[in-house]
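The structure appears right after this line, and notes come after that.
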There are 2 protein chains.
Amino acid sequence: MDKQMKKGVLDLCVLSVLSEEDCYGYQLVEKISAAIEISEGTIYPLLKRLQKDGLLASYIRESSEGPARKYYKLTPEGITKCKRLRKEWFEFYNGVNKLLGRGNGDE
Amino acid sequence: MDKQMKKGVLDLCVLSVLSEEDCYGYQLVEKISAAIEISEGTIYPLLKRLQKDGLLASYIRESSEGPARKYYKLTPEGITKCKRLRKEWFEFYNGVNKLLGRGNGDE
DNA sequence: ACATACTACCTTGTTATACAAGCTACCGTG
DNA sequence: CACGGTAGCTTGTATAACAAGGTAGTATGT
């Protein structure tokens with residue numbers, strides 16, 4: 001999968017998954033990579049950035065199965081951002097699909 | 001609109017529009033910006049890159065309405081690439097929509 | 001005791017690309 | 001002759017995805 005396609009959309013993916021339930025980083029990697037290719041080296045810096053921007057808050061919780069987990073949850077700003085990005089995403093892919101629908105290099 | 005979202009998808013947009021008919025750069029800007037926000041500073045370097053990569057060929061044609069126009073058309077490699085990117089794009093946005101469908105920060 | 005594997009977190013350096021800003025130049029109209 | 005529209009192009013900047021590497025806890029096998 002083209003790396004570049006994911007730019008900007010991964011923020012939305014993370015925010016959207018977190019709008020459903022609090023998750024720790026490793027869990028997010030698993031959830032998101034079930035839908036699109038993603039690696040740890042992408043998610044952790046991204047989480048840090050989103051937290052720095054005030055969109056996420058975090059808390060540590062111990063685990064009996066391994067190291068302690070750092071859970072992230074949306075802040076009110078995160079919820080707002082998530083809504084706006086969702087809207088942008090839908091507008092964006094509808095626009096792209098409009099362009100693609102006309103030209104057809106295959107089918 | 002988020003700049004980052006467009007990364008990687010614009011190649012596909014250009015190739016897809018060109019798969020329908022030959023276009024010159026300025027025309028591509030107009031066509032594509034009707035669907036998603038785009039600027040000249042993005043399209044021209046992109047066309048150059050796609051041509052360098054052997055996906056596009058170009059020819060000059062005079063215009064009575066202004067300066068000569070540089071038309072671009074797909075090469076066989078360009079057609080192949082267009083097909084592959086289309087497939088990737090559909091897989092990608094379906095994956096994203098799957099993630100978004102679950103979490104809902106709005107609606 | 002030691003190696004291996006899985007969980008879980010994090011950082012550094014590389015690479016690609018979108019775009020603002022700026023430039024040149026042709027044509028027609030006022 | 002100035003101006004706006006058409007048409008092309010370049011340079012510099014900012015951003016983000018990811019490979020590759022590191023740390024550390026828990027559990028299993030030998």
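Residues in the structure tokens are named by chain (A, B, ... in the order shown) and by number from 1 within that chain; ligands are numbered from 1 in the order shown.
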* Asked: Could you write out as an NGL selection string the residues of chain B within 7 Å of chain C, counting only C-alpha atoms (C1' of nucleotides)?
  -> :B and (3 or 7 or 41-42 or 65-67)
* **All residues 10 Å or closer to Lys48 (chain B), only C-alpha atoms (C1' of nucleotides), same chain fewer than 6 positions away omitted, as a PyMOL selection string** => chain B and resi 54+56-58
* **Contact residues (chain A, partner chain B, 6 Å, only C-alpha atoms) as a ChimeraX atom specification** => /A:4-5,7-9,16-17,19-20,35-36,79,83,95,100,103,105-106
Once you have the residues from the selection above, write them out as a compact mmCIF listing (two decimals), in the first residue's frame, restricted to N, CA and C atoms.
```
# COMPACT_ATOMS: atom_id res chain seq x y z
N GLN A 4 2.16 7.18 1.16
CA GLN A 4 1.73 8.56 1.11
C GLN A 4 0.23 8.72 1.26
N MET A 5 -0.51 7.71 0.82
CA MET A 5 -1.97 7.80 0.91
C MET A 5 -2.44 7.99 2.34
N LYS A 7 -1.13 9.63 4.75
CA LYS A 7 -0.83 10.89 5.44
C LYS A 7 -2.08 11.68 5.79
N GLY A 8 -2.17 12.05 7.03
CA GLY A 8 -3.28 12.87 7.47
C GLY A 8 -4.50 12.05 7.85
N VAL A 9 -4.64 10.86 7.25
CA VAL A 9 -5.82 10.06 7.52
C VAL A 9 -5.65 9.24 8.79
N SER A 16 -10.81 8.24 15.74
CA SER A 16 -12.10 7.58 15.55
C SER A 16 -12.19 6.31 16.39
N VAL A 17 -11.11 5.54 16.40
CA VAL A 17 -11.11 4.31 17.21
C VAL A 17 -11.23 4.68 18.69
N SER A 19 -12.66 7.21 19.90
CA SER A 19 -13.97 7.77 20.23
C SER A 19 -14.93 6.65 20.63
N GLU A 20 -14.54 5.42 20.30
CA GLU A 20 -15.37 4.29 20.68
C GLU A 20 -14.99 3.78 22.06
N ALA A 35 -7.30 -3.12 9.45
CA ALA A 35 -8.01 -2.46 8.36
C ALA A 35 -7.05 -1.92 7.29
N ILE A 36 -5.95 -1.29 7.72
CA ILE A 36 -4.96 -0.79 6.78
C ILE A 36 -3.57 -1.07 7.34
N ILE A 79 -12.53 15.28 20.52
CA ILE A 79 -13.85 14.91 19.98
C ILE A 79 -14.24 15.87 18.86
N LYS A 83 -14.67 14.97 14.82
CA LYS A 83 -15.85 15.29 14.02
C LYS A 83 -15.46 16.03 12.75
N GLY A 95 -14.94 13.47 -3.34
CA GLY A 95 -14.34 14.23 -4.43
C GLY A 95 -13.45 13.37 -5.29
N LEU A 100 -12.42 9.73 -10.15
CA LEU A 100 -12.09 8.38 -10.60
C LEU A 100 -13.23 7.74 -11.37
N GLY A 103 -12.78 8.82 -15.32
CA GLY A 103 -11.70 8.12 -16.01
C GLY A 103 -11.71 6.67 -15.57
N GLY A 105 -9.12 3.51 -16.06
CA GLY A 105 -7.94 2.86 -16.63
C GLY A 105 -8.10 1.36 -16.63
N ASP A 106 -9.28 0.91 -16.16
CA ASP A 106 -9.50 -0.53 -16.14
C ASP A 106 -10.99 -0.83 -16.12
```
* **Polymer residues at most 10 Å from DG8 (chain D), only C-alpha atoms (C1' of nucleotides), same-chain spacing of 5 or more positions, as an MDAnalysis selection string** => (chainID B and resid 24:26 40 44 67:70) or (chainID C and resid 24:25)
* Run DSSP on the backbone and give me the residues of chain A it puts in strand (DSSP E), as a ChimeraX atom specification. => /A:23-24,56-61,69-74
* Within 7 Å of chain A, which residues of chain D are there when counting only C-alpha atoms (C1' of nucleotides)? Please give them as a VMD selection string. => chain D and resid 16 to 18 25 to 26
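The coordinates place CA of Gln27 (chain B) at 20.2 Å from CA of Lys52 (chain B).
Straight-line separation from CA of Tyr71 (chain A) to CA of Cys23 (chain A): 5.1 Å.
When CA of Asp22 (chain B) is paired with CA of Tyr72 (chain B), their separation reads 5.6 Å.
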